[in-house]
Amino acid sequence: MKHAIIPLFIPHYGCPHQCIFCNQIRITGHTMPVTAREAAETIERYRGTGSGDRYWEAAFYGGSFTALPLPVMESLLRPAWQALQENRIQGIRLSTRPDCINGPVLTLLKQMGVSTVELGVQSLDEEVLRQAGRGHTAQDAAEAVRQLREAGFHVGLQFMIGLPGETDASLRSTARRGAALHPDFVRLYPVLVLRGTRLQQMYEAGEYRPLTVQEAVLRCAFLKRWYGAHEIPVIRMGLQATAELDGGEGLLAGPYHAAFGELVDQAIVFHNLYRALFPLRHPVEIICHPADRSKVMGQHRKSWERLCRQFGLQRCREQSSVEPGTAVVKTEAGDVPVMLYREIQ
C-alpha cells in the first residue's frame with residue numbers, strides 16, 4: 001500500500017535550544033506553527049482529495065514536539081487522534097529532540113495514537129554536538145531510543161552531515177554508533193548555511209566551510225551503504241525543496257540540490273558498477289531495468305561517459321525483465337550479473 005504523508009509544521013515551536021544551523025522558517029517555508037484547528041482542516045483537505053487505498057499518516061515536522069507542554073501536545077494531537085479513530089488516517093508520527101523524552105511524554109503519545117517518533121540526533125560525536133550547540137549528548141540519544149523502543153514506538157534517527165568539527169573519523173564513529181542503536185529508519189541531511197543563523201556568522205567570518213555538493217554526496221553515499229549493510233533503510237537524503245531554498249533567499253551556502261537523493265543513488269550505482277567492471281575483460285554493454293537508467297547514466301551522463309572511457313563500453317540497454325536494482329554486463333566471454341544497489345524496506 002502506498003504511503004501518503006499529511007505534513008503539519010511546527011517550526012521551532014517548543015525547542016529549548018537555538019542550534020547554530022537552525023532556522024526552521026527558512027527550512028519549512030512556514031512562519032507560524034500549526035494550531036489544532038488548522039491541523040484538523042489540513043487532515044480533512046488531504047483526505048478529502050486523496051485515494052482511500054493509501055496508508056495515510058499525519059506527520060508533525062519541525063520544532064521539538066515533545067518539548068511542548070503536555071496540554072499543548074494533547075491539543076495538537078487530538079485532531080489526528082480523532083481521524084485515526086475514524087480510520088481516515090492510519091498513523092501519526094512526529095519529530096523531536098533526544099533529551100525531550102520521558103515517562104509522561106511517552107504515556108501521552110501512546111494515548112493519542114502516535115506510532116513513530118523521529119529523533120533529531122544530528123551526530124553521535126560529543127565534540128560535534130557541542131560545537132553545534134545541540135544541548136544534548138550522544139548518551140541522551142541512546143537513552144531516548146531505549147525508552148521509545150520499550151514503549152513500543154517505531155524509531156527514526158535524523159543525522160546532519162558536515163557539521164563543524166566533523167571529521168572522517170567522527171562520521172564513521174557516528175555511523176557505527178547509529179547502526180548499533182538499531183533504528184527502524186534513518187534520514188540524512190547535509191548542513192546548509194541559512195540566513196539568520198549562527199552558522200551564517202561563522203561562514204562569513206571564515207570559521208566554517210560548508211561541504212561541496214560532491215563531498216556531501218560521497219559522505220551520504222557511504223552512510224546509505226553502511227546502513228543498508230545493517231538492514232536499516234535510509235528514507236530521505238537532503239532537504240525537501242521549498243521556495244525559500246530554491247529561490248536562494250534563505251540559503252546562503254552549502255550543498256543544496258533539489259535532487260540530492262538521486263545524486264547519492266547515482267554515486268552508489270557508479271561505485272558498484274566500477275568495482276564490477278574493473279576485473280572484466282572486454283565488457284560490451286550494460287542492460288538494466290528502465291527505472292535504473294538515470295542512475296546508471298548519472299547527472300548529465302557523466303557517470304556513463306566515465307565508464308565508457310575507462311572500460312570501452314559501447315551501449316546501455318533497458319530491459320523490463322531485468323530486476324530493478326540489478327544489471328547485466330555483457331562481455332565477449334558471457335553475461336555477468338551486477339548488483340547496482342539494494343533497497344531496504
# chains A, B, ... in the order shown; residues from 1 in each chain; ligands from 1
$ residues_around --residues "Phe65 (chain A)" --least-positions-apart "5" --cutoff "9 Å" --atoms "only C-alpha atoms" --output "ChimeraX atom specification"
/A:10,13-15,60,73,94-97,100
$ write_last_selection --atoms "all heavy atoms" --output "mmCIF file, in the first residue's frame"
data_model
loop_
_atom_site.group_PDB
_atom_site.id
_atom_site.type_symbol
_atom_site.label_atom_id
_atom_site.label_comp_id
_atom_site.auth_asym_id
_atom_site.auth_seq_id
_atom_site.Cartn_x
_atom_site.Cartn_y
_atom_site.Cartn_z
ATOM 1 N N ILE A 10 5.420 22.708 12.727
ATOM 2 C CA ILE A 10 5.503 23.498 13.960
ATOM 3 C C ILE A 10 6.917 24.095 14.051
ATOM 4 O O ILE A 10 7.689 23.749 14.931
ATOM 5 C CB ILE A 10 5.176 22.659 15.200
ATOM 6 C CG1 ILE A 10 6.071 21.405 15.266
ATOM 7 C CG2 ILE A 10 3.721 22.245 15.226
ATOM 8 C CD1 ILE A 10 6.051 20.729 16.635
ATOM 9 N N TYR A 13 8.798 25.476 17.335
ATOM 10 C CA TYR A 13 7.817 25.578 18.409
ATOM 11 C C TYR A 13 8.178 24.552 19.476
ATOM 12 O O TYR A 13 8.199 23.364 19.226
ATOM 13 C CB TYR A 13 6.436 25.287 17.827
ATOM 14 C CG TYR A 13 5.257 25.623 18.720
ATOM 15 C CD1 TYR A 13 5.363 26.512 19.771
ATOM 16 C CD2 TYR A 13 4.010 25.043 18.488
ATOM 17 C CE1 TYR A 13 4.276 26.817 20.566
ATOM 18 C CE2 TYR A 13 2.920 25.342 19.271
ATOM 19 C CZ TYR A 13 3.055 26.225 20.311
ATOM 20 O OH TYR A 13 1.978 26.515 21.098
ATOM 21 N N GLY A 14 8.485 25.016 20.685
ATOM 22 C CA GLY A 14 8.790 24.122 21.779
ATOM 23 C C GLY A 14 10.262 23.865 21.984
ATOM 24 O O GLY A 14 10.658 23.329 23.023
ATOM 25 N N CYS A 15 11.114 24.201 21.016
ATOM 26 C CA CYS A 15 12.525 23.841 21.112
ATOM 27 C C CYS A 15 13.231 24.704 22.164
ATOM 28 O O CYS A 15 13.140 25.936 22.129
ATOM 29 C CB CYS A 15 13.215 24.017 19.756
ATOM 30 S SG CYS A 15 14.880 23.328 19.738
ATOM 31 N N PHE A 60 3.958 15.525 12.219
ATOM 32 C CA PHE A 60 4.331 16.828 12.775
ATOM 33 C C PHE A 60 5.826 17.036 12.562
ATOM 34 O O PHE A 60 6.658 16.314 13.110
ATOM 35 C CB PHE A 60 3.989 16.885 14.268
ATOM 36 C CG PHE A 60 2.516 16.928 14.541
ATOM 37 C CD1 PHE A 60 1.784 15.751 14.651
ATOM 38 C CD2 PHE A 60 1.853 18.143 14.688
ATOM 39 C CE1 PHE A 60 0.420 15.776 14.901
ATOM 40 C CE2 PHE A 60 0.484 18.181 14.938
ATOM 41 C CZ PHE A 60 -0.232 16.995 15.041
ATOM 42 N N MET A 73 0.636 19.652 23.560
ATOM 43 C CA MET A 73 0.818 18.443 22.760
ATOM 44 C C MET A 73 -0.512 17.728 22.539
ATOM 45 O O MET A 73 -0.843 17.320 21.421
ATOM 46 C CB MET A 73 1.805 17.489 23.448
ATOM 47 C CG MET A 73 3.256 17.789 23.199
ATOM 48 S SD MET A 73 4.303 16.417 23.742
ATOM 49 C CE MET A 73 4.482 16.822 25.471
ATOM 50 N N LEU A 94 5.886 12.029 14.613
ATOM 51 C CA LEU A 94 6.367 13.357 14.980
ATOM 52 C C LEU A 94 7.878 13.331 15.129
ATOM 53 O O LEU A 94 8.503 12.270 15.221
ATOM 54 C CB LEU A 94 5.698 13.839 16.267
ATOM 55 C CG LEU A 94 5.808 12.947 17.508
ATOM 56 C CD1 LEU A 94 7.097 13.192 18.272
ATOM 57 C CD2 LEU A 94 4.611 13.173 18.430
ATOM 58 N N SER A 95 8.469 14.529 15.135
ATOM 59 C CA SER A 95 9.911 14.691 15.302
ATOM 60 C C SER A 95 10.181 15.443 16.594
ATOM 61 O O SER A 95 9.427 16.346 16.976
ATOM 62 C CB SER A 95 10.509 15.471 14.126
ATOM 63 O OG SER A 95 10.265 14.822 12.907
ATOM 64 N N THR A 96 11.289 15.095 17.246
ATOM 65 C CA THR A 96 11.617 15.763 18.496
ATOM 66 C C THR A 96 13.088 15.602 18.815
ATOM 67 O O THR A 96 13.854 15.000 18.051
ATOM 68 C CB THR A 96 10.750 15.234 19.652
ATOM 69 O OG1 THR A 96 10.872 16.118 20.769
ATOM 70 C CG2 THR A 96 11.148 13.823 20.051
ATOM 71 N N ARG A 97 13.491 16.139 19.971
ATOM 72 C CA ARG A 97 14.870 16.065 20.438
ATOM 73 C C ARG A 97 15.067 14.825 21.319
ATOM 74 O O ARG A 97 14.137 14.397 22.013
ATOM 75 C CB ARG A 97 15.206 17.308 21.263
ATOM 76 C CG ARG A 97 15.269 18.600 20.484
ATOM 77 C CD ARG A 97 15.402 19.781 21.453
ATOM 78 N NE ARG A 97 16.537 19.614 22.359
ATOM 79 C CZ ARG A 97 17.778 20.035 22.108
ATOM 80 N NH1 ARG A 97 18.032 20.647 20.954
ATOM 81 N NH2 ARG A 97 18.737 19.857 22.975
ATOM 82 N N CYS A 100 14.168 15.192 25.131
ATOM 83 C CA CYS A 100 12.793 15.582 25.470
ATOM 84 C C CYS A 100 11.871 14.359 25.465
ATOM 85 O O CYS A 100 10.713 14.432 25.044
ATOM 86 C CB CYS A 100 12.283 16.649 24.510
ATOM 87 S SG CYS A 100 13.156 18.225 24.641
#
$ residues_around --residues "His17 (chain A)" --least-positions-apart "3" --cutoff "9 Å" --atoms "only C-alpha atoms" --output "list of chain:residue names"
A:Gly133, A:Arg134, A:Gly135
$ closest_residue --among "A:Ala258, A:Leu307, A:Ala221, A:Val322" --to "His289 (chain A)" --atoms "only C-alpha atoms"
A:Val322
$ residues_around --residues "Lys2 (chain A)" --least-positions-apart "2" --cutoff "9 Å" --atoms "only C-alpha atoms" --output "NGL selection string"
:A and (4 or 53-56)
$ closest_atom_pairs --of "region 222-334 of chain A" --to "region 171-179 of chain A" --cutoff "10 Å" --atoms "only C-alpha atoms" --output "tab-separated table"
residue	atom	partner	partner_atom	distance
A:Phe222	CA	A:Arg172	CA	9.2
A:Leu223	CA	A:Ala175	CA	6.7
A:Lys224	CA	A:Ala175	CA	9.7
A:Trp226	CA	A:Ala175	CA	7.3
A:Tyr227	CA	A:Ala179	CA	6.5
A:Gly228	CA	A:Ala179	CA	9.7
A:Ala229	CA	A:Ala179	CA	9.6
A:His230	CA	A:Ala179	CA	6.8
A:Glu231	CA	A:Ala179	CA	9.1
A:Ile232	CA	A:Ala179	CA	7.7
$ write_last_selection --atoms "N, CA, C and O atoms" --output "PDB file, in the first residue's frame"
ATOM      1  N   PHE A 222      28.313   6.873   1.404  1.00  0.00           N
ATOM      2  CA  PHE A 222      28.935   5.978   2.379  1.00  0.00           C
ATOM      3  C   PHE A 222      27.932   5.582   3.457  1.00  0.00           C
ATOM      4  O   PHE A 222      27.806   4.402   3.805  1.00  0.00           O
ATOM      5  N   LEU A 223      27.197   6.554   3.998  1.00  0.00           N
ATOM      6  CA  LEU A 223      26.258   6.272   5.086  1.00  0.00           C
ATOM      7  C   LEU A 223      25.093   5.410   4.610  1.00  0.00           C
ATOM      8  O   LEU A 223      24.657   4.494   5.326  1.00  0.00           O
ATOM      9  N   LYS A 224      24.591   5.676   3.408  1.00  0.00           N
ATOM     10  CA  LYS A 224      23.479   4.868   2.919  1.00  0.00           C
ATOM     11  C   LYS A 224      23.921   3.422   2.719  1.00  0.00           C
ATOM     12  O   LYS A 224      23.177   2.486   3.048  1.00  0.00           O
ATOM     13  N   TRP A 226      26.355   1.980   4.325  1.00  0.00           N
ATOM     14  CA  TRP A 226      26.625   1.442   5.665  1.00  0.00           C
ATOM     15  C   TRP A 226      25.336   0.981   6.334  1.00  0.00           C
ATOM     16  O   TRP A 226      25.244  -0.145   6.836  1.00  0.00           O
ATOM     17  N   TYR A 227      24.340   1.858   6.338  1.00  0.00           N
ATOM     18  CA  TYR A 227      23.084   1.488   6.986  1.00  0.00           C
ATOM     19  C   TYR A 227      22.374   0.377   6.218  1.00  0.00           C
ATOM     20  O   TYR A 227      21.733  -0.493   6.805  1.00  0.00           O
ATOM     21  N   GLY A 228      22.506   0.388   4.900  1.00  0.00           N
ATOM     22  CA  GLY A 228      21.931  -0.694   4.116  1.00  0.00           C
ATOM     23  C   GLY A 228      22.528  -2.039   4.474  1.00  0.00           C
ATOM     24  O   GLY A 228      21.831  -3.058   4.534  1.00  0.00           O
ATOM     25  N   ALA A 229      23.839  -2.055   4.719  1.00  0.00           N
ATOM     26  CA  ALA A 229      24.501  -3.293   5.114  1.00  0.00           C
ATOM     27  C   ALA A 229      24.005  -3.794   6.462  1.00  0.00           C
ATOM     28  O   ALA A 229      24.130  -4.985   6.767  1.00  0.00           O
ATOM     29  N   HIS A 230      23.435  -2.884   7.269  1.00  0.00           N
ATOM     30  CA  HIS A 230      22.874  -3.262   8.567  1.00  0.00           C
ATOM     31  C   HIS A 230      21.344  -3.367   8.523  1.00  0.00           C
ATOM     32  O   HIS A 230      20.697  -3.382   9.578  1.00  0.00           O
ATOM     33  N   GLU A 231      20.800  -3.448   7.309  1.00  0.00           N
ATOM     34  CA  GLU A 231      19.360  -3.630   7.115  1.00  0.00           C
ATOM     35  C   GLU A 231      18.537  -2.474   7.688  1.00  0.00           C
ATOM     36  O   GLU A 231      17.419  -2.660   8.168  1.00  0.00           O
ATOM     37  N   ILE A 232      19.099  -1.264   7.626  1.00  0.00           N
ATOM     38  CA  ILE A 232      18.408  -0.067   8.112  1.00  0.00           C
ATOM     39  C   ILE A 232      18.134   0.840   6.913  1.00  0.00           C
ATOM     40  O   ILE A 232      19.074   1.342   6.292  1.00  0.00           O
TER      41      ILE A 232
END
$ residues_around --residues "region 264-276 of chain A" --least-positions-apart "6" --cutoff "7 Å" --atoms "only C-alpha atoms" --output "VMD selection string"
chain A and resid 217 220 to 221 295 to 296 298 303 338 340 to 341
$ residues_around --residues "Cys22 (chain A)" --least-positions-apart "6" --cutoff "12 Å" --atoms "only C-alpha atoms" --output "PDB file with N, CA and C atoms, in the first residue's frame"
ATOM      1  N   PRO A  11       7.290  25.011  13.166  1.00  0.00           N
ATOM      2  CA  PRO A  11       8.671  25.488  13.105  1.00  0.00           C
ATOM      3  C   PRO A  11       9.150  26.123  14.407  1.00  0.00           C
ATOM      4  N   HIS A  12      10.199  25.511  14.978  1.00  0.00           N
ATOM      5  CA  HIS A  12      10.875  25.992  16.185  1.00  0.00           C
ATOM      6  C   HIS A  12       9.913  26.170  17.363  1.00  0.00           C
ATOM      7  N   CYS A  15      11.114  24.201  21.016  1.00  0.00           N
ATOM      8  CA  CYS A  15      12.525  23.841  21.112  1.00  0.00           C
ATOM      9  C   CYS A  15      13.231  24.704  22.164  1.00  0.00           C
ATOM     10  N   THR A  28      11.324  25.161   6.351  1.00  0.00           N
ATOM     11  CA  THR A  28       9.978  24.669   6.059  1.00  0.00           C
ATOM     12  C   THR A  28       9.159  25.617   5.201  1.00  0.00           C
ATOM     13  N   GLY A  62       9.336  19.742  12.193  1.00  0.00           N
ATOM     14  CA  GLY A  62       9.916  20.977  12.683  1.00  0.00           C
ATOM     15  C   GLY A  62       9.777  21.086  14.192  1.00  0.00           C
ATOM     16  N   GLY A  63      10.521  22.030  14.767  1.00  0.00           N
ATOM     17  CA  GLY A  63      10.423  22.226  16.205  1.00  0.00           C
ATOM     18  C   GLY A  63      10.861  21.001  16.979  1.00  0.00           C
ATOM     19  N   GLY A 120      15.900  13.951  16.287  1.00  0.00           N
ATOM     20  CA  GLY A 120      16.927  14.762  15.644  1.00  0.00           C
ATOM     21  C   GLY A 120      18.245  14.588  16.390  1.00  0.00           C
ATOM     22  N   GLN A 122      21.379  14.224  14.905  1.00  0.00           N
ATOM     23  CA  GLN A 122      22.341  15.038  14.155  1.00  0.00           C
ATOM     24  C   GLN A 122      23.750  14.454  14.145  1.00  0.00           C
ATOM     25  N   ALA A 132      27.882  22.316  17.717  1.00  0.00           N
ATOM     26  CA  ALA A 132      26.606  22.646  17.071  1.00  0.00           C
ATOM     27  C   ALA A 132      25.624  23.303  18.032  1.00  0.00           C
ATOM     28  N   GLY A 133      25.953  23.343  19.324  1.00  0.00           N
ATOM     29  CA  GLY A 133      25.053  23.936  20.305  1.00  0.00           C
ATOM     30  C   GLY A 133      23.790  23.124  20.536  1.00  0.00           C
ATOM     31  N   ARG A 134      23.901  21.804  20.397  1.00  0.00           N
ATOM     32  CA  ARG A 134      22.710  20.961  20.487  1.00  0.00           C
ATOM     33  C   ARG A 134      22.127  20.907  21.898  1.00  0.00           C
ATOM     34  N   MET A 160      22.807  14.968  10.574  1.00  0.00           N
ATOM     35  CA  MET A 160      23.278  16.065   9.733  1.00  0.00           C
ATOM     36  C   MET A 160      24.721  15.802   9.346  1.00  0.00           C
ATOM     37  N   LEU A 163      28.616  19.057   9.874  1.00  0.00           N
ATOM     38  CA  LEU A 163      28.598  20.000  10.986  1.00  0.00           C
ATOM     39  C   LEU A 163      30.016  20.424  11.360  1.00  0.00           C
ATOM     40  N   VAL A 191      24.432  19.738   5.944  1.00  0.00           N
ATOM     41  CA  VAL A 191      24.285  21.041   6.591  1.00  0.00           C
ATOM     42  C   VAL A 191      24.273  22.148   5.546  1.00  0.00           C
ATOM     43  N   LEU A 192      23.290  23.034   5.653  1.00  0.00           N
ATOM     44  CA  LEU A 192      23.212  24.218   4.802  1.00  0.00           C
ATOM     45  C   LEU A 192      23.415  25.459   5.664  1.00  0.00           C
ATOM     46  N   VAL A 193      24.013  26.474   5.089  1.00  0.00           N
ATOM     47  CA  VAL A 193      24.175  27.748   5.788  1.00  0.00           C
ATOM     48  C   VAL A 193      22.962  28.605   5.466  1.00  0.00           C
ATOM     49  N   LEU A 194      22.076  28.758   6.441  1.00  0.00           N
ATOM     50  CA  LEU A 194      20.851  29.525   6.258  1.00  0.00           C
ATOM     51  C   LEU A 194      21.003  30.903   6.867  1.00  0.00           C
ATOM     52  N   ARG A 195      20.357  31.864   6.252  1.00  0.00           N
ATOM     53  CA  ARG A 195      20.397  33.228   6.775  1.00  0.00           C
ATOM     54  C   ARG A 195      19.702  33.273   8.135  1.00  0.00           C
ATOM     55  N   GLY A 196      20.214  34.116   9.011  1.00  0.00           N
ATOM     56  CA  GLY A 196      19.613  34.263  10.327  1.00  0.00           C
ATOM     57  C   GLY A 196      20.069  33.225  11.323  1.00  0.00           C
ATOM     58  N   THR A 197      21.207  32.582  11.062  1.00  0.00           N
ATOM     59  CA  THR A 197      21.725  31.563  11.968  1.00  0.00           C
ATOM     60  C   THR A 197      23.129  31.935  12.432  1.00  0.00           C
ATOM     61  N   ARG A 198      23.552  31.309  13.520  1.00  0.00           N
ATOM     62  CA  ARG A 198      24.921  31.478  13.992  1.00  0.00           C
ATOM     63  C   ARG A 198      25.905  30.945  12.954  1.00  0.00           C
ATOM     64  N   LEU A 199      25.492  29.912  12.209  1.00  0.00           N
ATOM     65  CA  LEU A 199      26.365  29.351  11.187  1.00  0.00           C
ATOM     66  C   LEU A 199      26.642  30.366  10.080  1.00  0.00           C
ATOM     67  N   GLN A 200      25.682  31.236   9.799  1.00  0.00           N
ATOM     68  CA  GLN A 200      25.919  32.302   8.828  1.00  0.00           C
ATOM     69  C   GLN A 200      27.069  33.193   9.300  1.00  0.00           C
ATOM     70  N   GLY A 250      16.692  32.270   1.342  1.00  0.00           N
ATOM     71  CA  GLY A 250      17.067  31.832   2.682  1.00  0.00           C
ATOM     72  C   GLY A 250      18.391  31.114   2.733  1.00  0.00           C
ATOM     73  N   LEU A 251      18.864  30.646   1.590  1.00  0.00           N
ATOM     74  CA  LEU A 251      20.066  29.828   1.539  1.00  0.00           C
ATOM     75  C   LEU A 251      21.278  30.676   1.183  1.00  0.00           C
TER      76      LEU A 251
END
$ select_by_dssp --residues "region 134-215 of chain A" --states "alpha helix (DSSP H)" --output "ChimeraX atom specification"
/A:138-150,168-180,198-204,213-215
$ write_last_selection --atoms "C-alpha atoms" --output "PDB file, in the first residue's frame"
ATOM      1  CA  ALA A 138      25.090  11.047  22.424  1.00  0.00           C
ATOM      2  CA  GLN A 139      24.077   9.164  25.559  1.00  0.00           C
ATOM      3  CA  ASP A 140      20.824  11.165  25.625  1.00  0.00           C
ATOM      4  CA  ALA A 141      20.121   9.832  22.138  1.00  0.00           C
ATOM      5  CA  ALA A 142      20.832   6.229  23.149  1.00  0.00           C
ATOM      6  CA  GLU A 143      18.611   6.561  26.211  1.00  0.00           C
ATOM      7  CA  ALA A 144      15.769   8.100  24.193  1.00  0.00           C
ATOM      8  CA  VAL A 145      15.926   5.244  21.676  1.00  0.00           C
ATOM      9  CA  ARG A 146      15.837   2.718  24.540  1.00  0.00           C
ATOM     10  CA  GLN A 147      12.764   4.324  26.132  1.00  0.00           C
ATOM     11  CA  LEU A 148      10.919   4.607  22.838  1.00  0.00           C
ATOM     12  CA  ARG A 149      11.706   1.004  21.951  1.00  0.00           C
ATOM     13  CA  GLU A 150      10.496  -0.273  25.319  1.00  0.00           C
ATOM     14  CA  ASP A 168      36.044  11.351   8.539  1.00  0.00           C
ATOM     15  CA  ALA A 169      36.732   9.564  11.823  1.00  0.00           C
ATOM     16  CA  SER A 170      33.811  11.174  13.667  1.00  0.00           C
ATOM     17  CA  LEU A 171      31.497  10.421  10.734  1.00  0.00           C
ATOM     18  CA  ARG A 172      32.488   6.748  10.792  1.00  0.00           C
ATOM     19  CA  SER A 173      32.068   6.670  14.569  1.00  0.00           C
ATOM     20  CA  THR A 174      28.591   8.171  14.284  1.00  0.00           C
ATOM     21  CA  ALA A 175      27.720   5.612  11.610  1.00  0.00           C
ATOM     22  CA  ARG A 176      28.841   2.718  13.825  1.00  0.00           C
ATOM     23  CA  ARG A 177      27.031   4.041  16.891  1.00  0.00           C
ATOM     24  CA  GLY A 178      23.933   4.844  14.865  1.00  0.00           C
ATOM     25  CA  ALA A 179      23.681   1.313  13.487  1.00  0.00           C
ATOM     26  CA  ALA A 180      24.202  -0.078  16.987  1.00  0.00           C
ATOM     27  CA  ARG A 198      24.921  31.478  13.992  1.00  0.00           C
ATOM     28  CA  LEU A 199      26.365  29.351  11.187  1.00  0.00           C
ATOM     29  CA  GLN A 200      25.919  32.302   8.828  1.00  0.00           C
ATOM     30  CA  GLN A 201      28.115  34.390  11.116  1.00  0.00           C
ATOM     31  CA  MET A 202      30.744  31.635  11.278  1.00  0.00           C
ATOM     32  CA  TYR A 203      30.686  31.243   7.486  1.00  0.00           C
ATOM     33  CA  GLU A 204      31.054  34.967   6.840  1.00  0.00           C
ATOM     34  CA  VAL A 213      27.652  19.055  -3.254  1.00  0.00           C
ATOM     35  CA  GLN A 214      30.100  16.343  -4.354  1.00  0.00           C
ATOM     36  CA  GLU A 215      31.568  15.998  -0.846  1.00  0.00           C
TER      37      GLU A 215
END
